[in-house]
Amino acid sequence: MAKEITAQMVKQLREATGAGILDCKKALQEAGGDMERAAEILREWGIAKAAKKVGREAREGIIGNYVHMGGKMAAIVEVNCETDFVARTPEFQQLAKDLAMQVVAARPRWVSREDIPEEIIEKEKEILRAQLADSGKPPQIVERIIEGKLNKWYEEVCLLEQPFIRDEDKTVGDLIQEHIAKLGENIVVRRFARFEIGE
């Protein structure tokens, strides 16, 4: 008689392999509750978590899109992963749609701070220095204030640093990390475009 698959067994296998909950449950069912065999099945399926996914090449993926009610605003986002298999999962497709919705709602200008041209960062620093010129604060304090204001600015203009519109306790970067852990592949937001009537 097959062993009953408990939530605790699924949790234990998930912690050991990094695979998704549903995959762990299926593997345990296929292995008749044998934890070691279930881990082997996950490896055979290619789902078990590799040590470092972030450095792995992400050449598959989809273009997520969102058109706001009334059709006056829209966004498209290229989200890449490692395999077509993951690109077709409902979780990945929902992530791409959520990212497009984020672009419409929060109006980021760049994917990450690494994408911002150096001259734009320097211009922003100049503006902040000019605002603080008459503050009477020592130069090292002024620089610290500028650093803090610059980080706040990054949160506004960089997609990955923005608070996620559906859960502001996490950033978009956190959301992507969660999906990397859940889906077992590196995920990269390559680029996006936002459109608004009259802009």
# chains A, B, ... in the order shown; residues from 1 in each chain; ligands from 1
$ select_by_dssp --residues "chain A" --states "helix (DSSP H, G or I)" --output "ChimeraX atom specification"
/A:7-17,21-30,35-45,84-87,90-106,113-115,118-132,139-157,159-161,172-183
$ residues_around --residues "stretch 100-111 of chain A" --least-positions-apart "3" --cutoff "7 Å" --atoms "only C-alpha atoms" --output "PDB file with C-alpha atoms, in the first residue's frame"
ATOM      1  CA  GLY A  64       4.398  39.970 -20.921  1.00  0.00           C
ATOM      2  CA  ASN A  65       1.834  42.642 -21.657  1.00  0.00           C
ATOM      3  CA  TYR A  66      -0.813  44.640 -19.903  1.00  0.00           C
ATOM      4  CA  MET A  73      -1.947  52.984 -21.148  1.00  0.00           C
ATOM      5  CA  ALA A  74      -0.058  49.757 -21.842  1.00  0.00           C
ATOM      6  CA  ALA A  75       3.280  48.072 -21.289  1.00  0.00           C
ATOM      7  CA  ILE A  76       5.262  45.165 -22.681  1.00  0.00           C
ATOM      8  CA  VAL A  77       8.063  43.456 -20.756  1.00  0.00           C
ATOM      9  CA  ALA A  96       5.340  38.578 -16.784  1.00  0.00           C
ATOM     10  CA  LYS A  97       1.818  40.051 -16.661  1.00  0.00           C
ATOM     11  CA  ASP A 115      21.185  50.441 -16.654  1.00  0.00           C
ATOM     12  CA  ILE A 116      21.173  54.150 -15.768  1.00  0.00           C
ATOM     13  CA  GLU A 156      11.267  55.329  -8.033  1.00  0.00           C
ATOM     14  CA  VAL A 157      13.025  54.919 -11.388  1.00  0.00           C
ATOM     15  CA  CYS A 158      14.355  51.315 -11.342  1.00  0.00           C
ATOM     16  CA  LEU A 159      11.821  48.537 -11.885  1.00  0.00           C
ATOM     17  CA  LEU A 160      13.683  45.986  -9.722  1.00  0.00           C
ATOM     18  CA  ILE A 165       2.201  47.078  -6.537  1.00  0.00           C
ATOM     19  CA  ARG A 191      13.702  45.299 -21.119  1.00  0.00           C
ATOM     20  CA  ARG A 194       5.498  51.779 -21.604  1.00  0.00           C
TER      21      ARG A 194
END
$ residues_around --residues "A:Ala31" --least-positions-apart "6" --cutoff "8 Å" --atoms "only C-alpha atoms" --output "list of chain:residue names"
A:Arg37, A:Ala38, A:Ile41
$ write_last_selection --atoms "C-alpha atoms" --output "tab-separated table (two decimals), in the first residue's frame"
chain	number	residue	atom	x	y	z
A	37	ARG	CA	13.76	8.34	-4.59
A	38	ALA	CA	11.58	11.48	-4.83
A	41	ILE	CA	12.97	11.86	-9.61
$ closest_residue --among "A:Ala181, A:Ile63, A:Ile127, A:Ala58" --to "A:Gly20" --atoms "only C-alpha atoms"
A:Ala181
$ atom_distance --atom1 "atom CA of A:Met9" --atom2 "atom CA of A:Met35"
7.8 Å
$ select_by_dssp --residues "stretch 33-135 of chain A" --states "strand (DSSP E or B)" --output "list in words"
Glu60, Gly61, Ile62, Ile63, Gly64, Asn65, Tyr66, Val67, Met73, Ala74, Ala75, Ile76, Val77, Glu78, Val79, Asn80, Cys81 and Trp110 of chain A
$ residues_around --residues "A:Asn80" --least-positions-apart "2" --cutoff "8 Å" --atoms "only C-alpha atoms" --output "mmCIF file with C-alpha atoms, in the first residue's frame"
data_model
loop_
_atom_site.group_PDB
_atom_site.id
_atom_site.type_symbol
_atom_site.label_atom_id
_atom_site.label_comp_id
_atom_site.auth_asym_id
_atom_site.auth_seq_id
_atom_site.Cartn_x
_atom_site.Cartn_y
_atom_site.Cartn_z
ATOM 1 C CA ALA A 58 18.403 32.953 -19.638
ATOM 2 C CA ARG A 59 17.577 32.892 -23.363
ATOM 3 C CA GLU A 60 14.001 31.615 -23.318
ATOM 4 C CA GLY A 61 11.004 33.492 -21.962
ATOM 5 C CA ILE A 62 8.016 35.523 -23.034
ATOM 6 C CA GLU A 78 10.600 40.880 -21.954
ATOM 7 C CA GLU A 82 16.370 29.203 -19.055
ATOM 8 C CA ALA A 87 8.290 30.025 -19.855
ATOM 9 C CA ILE A 187 14.860 34.767 -14.400
ATOM 10 C CA VAL A 188 15.937 38.069 -15.936
ATOM 11 C CA VAL A 189 13.895 41.131 -16.875
ATOM 12 C CA ARG A 190 15.598 42.131 -20.116
#
$ residues_around --residues "A:Asp23" --least-positions-apart "5" --cutoff "12 Å" --atoms "only C-alpha atoms" --output "list in words"
Val10, Lys11, Leu13, Arg14, Thr17, Gly18, Leu28, Gln29, Glu30, Ala38, Ala39, Ile41, Leu42, Arg43, Glu44, Trp45, Gly46, Ile47, Ala48, Lys49, Lys182, Leu183 and Gly184 of chain A
$ closest_residue --among "A:Leu150, A:Val79, A:Val67, A:Gly136" --to "A:Gln94" --atoms "only C-alpha atoms"
A:Val79
